[in-house]
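J.: Have a look at the structure that comes next, please.
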Amino acid sequence: MLSPSLLRLSLLLLLLIHSSITFSLRSSVVRPTLNTIDPEILEGLDTHIVPSSLDEHPITVYSLKANDPTSQSPLLLLHGRTWSSLSVYHLNPSTPTDLLSTFPSTCSPYMMDFRGFGLTPPDSTNTVTPMTCVEDCISVLKWIAKRHNANPNVSMNSNCRDPFLPSLIGWSQGALIAQMVSQSNSKYLNKLVLFGSIYNRTLTYPESYEPEIPLDFRNTKEASLEDFTIEGSVLPSTAKAFSEAALTVDPIKARWTNLHEFNTLPPSPDQTYRITDTTPVLLITGSHDPYSSPRTQIELFEDLGDRGGGDKVLVVIAGSDHASHLLEGSRGRWRKAVMGFLEFGDTCSLGNGDGYTI
């Protein structure tokens, strides 16, 4: 039997070993940078650094090398809660699962990373908040509009918008950011696509300024596959490629806080929705999306108001889940619905207020 002094010494040694292992694990996790990331991840892309108007923080933006600002209509894509745009939208360059390179030649797609995601470094708080994302996104939209020589003063009417103003696609939690952007400053927007939005009119986020996870919390392979919920809907090779890319680009989980800022999205129960935004909007979701059910999308459809007579369309992709843009059986229909909406002129021939399943 160990004496009390030996027992205390043993416990101290165990504590030191545990602390050493923890420190070693944390110190071995390194965020990628432009200089250290695998070049294959950026294949076919140009990278741009856009300073945020909020505090000059560098926001990393990606575009296709073939983008032509003089003749193509721009489109900005926002990622969701956990993974960078690089893995969400630029998976397997030159293959059908690479969304970015499959947009038509008339479109000039861009992606951005929120703070602490991908190649956008975290700020001094080591957190990311909804309103910070909104301000950063507006900064990028203004930069894109200027790059494409767009006139934002033509965008005050839903039936008269400069086609060289950027359209905006937000996925999952990024769809909430896109909705907040449109509600707060739609001057620099052409059209809005809310894809797999996790909008919930009955959910009130508690006011909290503390992140839910500790600093340097590692992302995992299991977490990278959580969005593929329908068995057999995604090719094993696609799932593997997504997981590897996601963990390479985002080895450390971003620390969201101030989620109560999303509480400004639903209308107040004692008043009609006060939205003045007339941006044409497409809602698109999978019929089996566990985070974005057709019911909540119908509620969002109602809560978005009449858009000042502008187009408002709801699409439900049958047999698809949260990542319908990557799934073998649905990504073609996803692209058809999104590009059909974006490419129609001032009056969308899908019909104002229509909803349908493809």
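Naming scheme: A, B, ... for chains in displayed order of the structure tokens; residues 1 onward per chain; ligands 1 onward as shown.
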Kindly assemble as a Markdown table a list of the range 95-201 of chain A residues that lie within 10 Å of range 87-90 of chain A, each paired with its nearest atom pair and their distance in Å to one decimal, using only C-alpha atoms, sorted first by chain and then by ascending residue number.

T.:
```
| residue | atom | partner | partner_atom | distance |
| --- | --- | --- | --- | --- |
| A:Thr95 | CA | A:His90 | CA | 9.8 |
| A:Thr97 | CA | A:His90 | CA | 7.9 |
| A:Asp98 | CA | A:His90 | CA | 4.9 |
| A:Leu99 | CA | A:Tyr89 | CA | 5.3 |
| A:Leu100 | CA | A:His90 | CA | 5.8 |
| A:Ser101 | CA | A:His90 | CA | 7.9 |
| A:Tyr110 | CA | A:Tyr89 | CA | 10.0 |
| A:Met111 | CA | A:Tyr89 | CA | 8.0 |
| A:Gly118 | CA | A:Ser87 | CA | 8.9 |
| A:Trp171 | CA | A:Val88 | CA | 9.3 |
```

J.: Quick one: pick out all helix (DSSP H, G or I) residues within range 198-238 of chain A from a backbone DSSP run and write them as a list in words.

T.: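 After running DSSP on the backbone, range 198-238 of chain A has helix (DSSP H, G or I) at Lys221, Glu222, Ala223, Ser224, Pro236, Ser237 and Thr238 of chain A.
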
J.: Please save C-alpha atoms of the selected residues as an mmCIF file, in the first residue's frame.

T.:
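Written file, part_3.cif:
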```cif
data_model
loop_
_atom_site.group_PDB
_atom_site.id
_atom_site.type_symbol
_atom_site.label_atom_id
_atom_site.label_comp_id
_atom_site.auth_asym_id
_atom_site.auth_seq_id
_atom_site.Cartn_x
_atom_site.Cartn_y
_atom_site.Cartn_z
ATOM 1 C CA LYS A 221 -14.313 12.742 -38.864
ATOM 2 C CA GLU A 222 -17.689 11.786 -37.366
ATOM 3 C CA ALA A 223 -18.746 15.441 -37.285
ATOM 4 C CA SER A 224 -17.703 15.936 -40.912
ATOM 5 C CA PRO A 236 -18.388 6.659 -50.355
ATOM 6 C CA SER A 237 -15.713 8.430 -52.390
ATOM 7 C CA THR A 238 -17.565 11.754 -52.064
#
```

J.: Could you check the closest approach to Glu226 in chain A for each of A:Asp55, A:Asp250, A:Glu207, A:Asp321 and tell me which residue wins, using only C-alpha atoms?

T.: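 Looking only at the distances to Glu226 in chain A, the closest residue turns out to be A:Asp321.
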
J.: I need the residues of range 134-221 of chain A that end up classed as strand (DSSP E or B) by DSSP on the backbone, written out as JSON, numbers by chain.

T.: {"A": [157, 160, 167, 168, 169, 170, 171, 192, 193, 194, 195, 218]}

J.: What are the nearest atom pairs, with distances in Å to one decimal, for all residues of range 51-115 of chain A that come at most 9 Å from range 128-145 of chain A, using only C-alpha atoms, set out by chain and rising residue number as CSV?

T.:
```
residue,atom,partner,partner_atom,distance
A:Pro51,CA,A:Ser139,CA,7.5
A:Ser52,CA,A:Asp136,CA,5.2
A:Ser53,CA,A:Ser139,CA,5.9
A:Leu54,CA,A:Glu135,CA,6.5
A:His57,CA,A:Asp136,CA,8.6
A:Ile59,CA,A:Asp136,CA,7.3
A:Val61,CA,A:Val140,CA,7.9
A:Pro69,CA,A:Ile144,CA,8.8
A:Pro74,CA,A:Ile144,CA,7.4
A:Leu75,CA,A:Ile144,CA,8.8
A:Leu76,CA,A:Leu141,CA,7.6
A:Leu78,CA,A:Cys137,CA,8.6
A:Tyr110,CA,A:Ile144,CA,8.6
A:Met112,CA,A:Val140,CA,8.0
A:Phe114,CA,A:Cys133,CA,6.2
A:Arg115,CA,A:Val128,CA,6.1
```

J.: Okay, now the selection with all heavy atoms, as a compact mmCIF listing (two decimals), in the first residue's frame?

T.:
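Saved file part.txt follows:
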```txt
# COMPACT_ATOMS: atom_id res chain seq x y z
N PRO A 51 -10.67 43.59 -46.72
CA PRO A 51 -10.73 44.09 -45.34
C PRO A 51 -12.17 44.36 -44.93
O PRO A 51 -12.94 44.95 -45.68
CB PRO A 51 -9.90 45.37 -45.38
CG PRO A 51 -9.96 45.81 -46.81
CD PRO A 51 -10.07 44.57 -47.64
N SER A 52 -12.53 43.92 -43.74
CA SER A 52 -13.87 44.18 -43.23
C SER A 52 -14.02 45.66 -42.89
O SER A 52 -13.13 46.26 -42.29
CB SER A 52 -14.14 43.33 -41.99
OG SER A 52 -15.37 43.70 -41.38
N SER A 53 -15.16 46.22 -43.25
CA SER A 53 -15.43 47.61 -42.90
C SER A 53 -15.63 47.78 -41.40
O SER A 53 -15.60 48.90 -40.89
CB SER A 53 -16.67 48.11 -43.65
OG SER A 53 -17.80 47.33 -43.30
N LEU A 54 -15.80 46.66 -40.71
CA LEU A 54 -16.04 46.70 -39.26
C LEU A 54 -14.77 47.07 -38.51
O LEU A 54 -14.77 47.92 -37.63
CB LEU A 54 -16.57 45.35 -38.79
CG LEU A 54 -17.10 45.24 -37.37
CD1 LEU A 54 -18.32 46.13 -37.18
CD2 LEU A 54 -17.45 43.79 -37.05
N HIS A 57 -10.42 43.65 -40.47
CA HIS A 57 -9.98 42.26 -40.38
C HIS A 57 -9.95 41.65 -41.79
O HIS A 57 -10.87 41.86 -42.59
CB HIS A 57 -10.93 41.46 -39.49
CG HIS A 57 -10.44 40.08 -39.18
ND1 HIS A 57 -9.48 39.84 -38.21
CD2 HIS A 57 -10.75 38.86 -39.71
CE1 HIS A 57 -9.24 38.54 -38.16
NE2 HIS A 57 -9.98 37.93 -39.06
N ILE A 59 -10.64 39.26 -44.65
CA ILE A 59 -11.59 38.21 -45.00
C ILE A 59 -11.13 37.56 -46.30
O ILE A 59 -10.90 38.25 -47.30
CB ILE A 59 -13.01 38.77 -45.18
CG1 ILE A 59 -13.44 39.59 -43.95
CG2 ILE A 59 -14.00 37.65 -45.47
CD1 ILE A 59 -13.45 38.81 -42.66
N VAL A 61 -11.53 35.59 -49.66
CA VAL A 61 -12.55 35.35 -50.68
C VAL A 61 -11.90 34.54 -51.79
O VAL A 61 -10.73 34.75 -52.14
CB VAL A 61 -13.09 36.69 -51.23
CG1 VAL A 61 -14.12 36.46 -52.33
CG2 VAL A 61 -13.69 37.53 -50.10
N PRO A 69 -14.92 39.62 -64.62
CA PRO A 69 -15.78 40.64 -64.02
C PRO A 69 -16.47 41.54 -65.04
O PRO A 69 -17.40 42.26 -64.69
CB PRO A 69 -14.81 41.47 -63.16
CG PRO A 69 -13.63 40.59 -62.95
CD PRO A 69 -13.52 39.76 -64.19
N PRO A 74 -22.14 38.13 -60.93
CA PRO A 74 -21.48 37.53 -59.77
C PRO A 74 -22.46 36.87 -58.80
O PRO A 74 -23.64 37.21 -58.75
CB PRO A 74 -20.79 38.73 -59.11
CG PRO A 74 -21.64 39.90 -59.46
CD PRO A 74 -22.20 39.61 -60.83
N LEU A 75 -21.92 35.93 -58.04
CA LEU A 75 -22.68 35.16 -57.06
C LEU A 75 -21.75 34.87 -55.89
O LEU A 75 -20.64 34.39 -56.08
CB LEU A 75 -23.16 33.86 -57.69
CG LEU A 75 -23.73 32.77 -56.78
CD1 LEU A 75 -25.03 33.24 -56.14
CD2 LEU A 75 -23.95 31.49 -57.56
N LEU A 76 -22.19 35.17 -54.67
CA LEU A 76 -21.40 34.90 -53.47
C LEU A 76 -22.04 33.79 -52.67
O LEU A 76 -23.24 33.83 -52.38
CB LEU A 76 -21.28 36.17 -52.62
CG LEU A 76 -20.54 36.02 -51.28
CD1 LEU A 76 -19.09 35.60 -51.48
CD2 LEU A 76 -20.62 37.31 -50.47
N LEU A 78 -22.10 31.47 -49.12
CA LEU A 78 -21.76 31.45 -47.70
C LEU A 78 -21.88 30.03 -47.16
O LEU A 78 -22.86 29.33 -47.44
CB LEU A 78 -22.70 32.36 -46.90
CG LEU A 78 -22.82 33.82 -47.33
CD1 LEU A 78 -23.77 34.55 -46.40
CD2 LEU A 78 -21.47 34.49 -47.38
N TYR A 110 -18.23 33.37 -56.37
CA TYR A 110 -17.26 33.67 -55.33
C TYR A 110 -17.66 32.92 -54.05
O TYR A 110 -18.85 32.62 -53.84
CB TYR A 110 -17.22 35.17 -55.00
CG TYR A 110 -16.75 36.06 -56.12
CD1 TYR A 110 -17.64 36.48 -57.11
CD2 TYR A 110 -15.44 36.53 -56.17
CE1 TYR A 110 -17.22 37.32 -58.14
CE2 TYR A 110 -15.02 37.37 -57.19
CZ TYR A 110 -15.91 37.76 -58.17
OH TYR A 110 -15.49 38.60 -59.18
N MET A 112 -16.68 32.98 -49.64
CA MET A 112 -15.93 33.64 -48.57
C MET A 112 -15.93 32.73 -47.35
O MET A 112 -16.79 31.86 -47.20
CB MET A 112 -16.54 35.00 -48.22
CG MET A 112 -17.92 34.95 -47.61
SD MET A 112 -18.52 36.59 -47.05
CE MET A 112 -17.60 36.78 -45.50
N PHE A 114 -16.00 32.85 -43.15
CA PHE A 114 -16.18 33.67 -41.96
C PHE A 114 -14.91 33.60 -41.10
O PHE A 114 -14.03 32.76 -41.32
CB PHE A 114 -17.38 33.18 -41.15
CG PHE A 114 -18.69 33.24 -41.89
CD1 PHE A 114 -19.62 32.21 -41.79
CD2 PHE A 114 -19.02 34.35 -42.66
CE1 PHE A 114 -20.84 32.27 -42.45
CE2 PHE A 114 -20.24 34.41 -43.34
CZ PHE A 114 -21.15 33.36 -43.23
N ARG A 115 -14.83 34.43 -40.09
CA ARG A 115 -13.65 34.48 -39.23
C ARG A 115 -13.45 33.16 -38.49
O ARG A 115 -14.38 32.61 -37.90
CB ARG A 115 -13.80 35.62 -38.22
CG ARG A 115 -13.97 36.97 -38.88
CD ARG A 115 -14.05 38.10 -37.87
NE ARG A 115 -14.37 39.36 -38.56
CZ ARG A 115 -14.07 40.56 -38.11
NH1 ARG A 115 -13.45 40.69 -36.94
NH2 ARG A 115 -14.40 41.65 -38.80
```

J.: Closest to Glu261 in chain A among A:Met180, A:Tyr291, A:Ser320, A:Gly310, using only C-alpha atoms?

T.: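 Once distances to Glu261 in chain A are computed over only C-alpha atoms, the minimum belongs to A:Met180.
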
J.: How far is it from CA of His288 in chain A to CA of Thr229 in chain A, in Å with one decimal?

T.: 8.4 Å
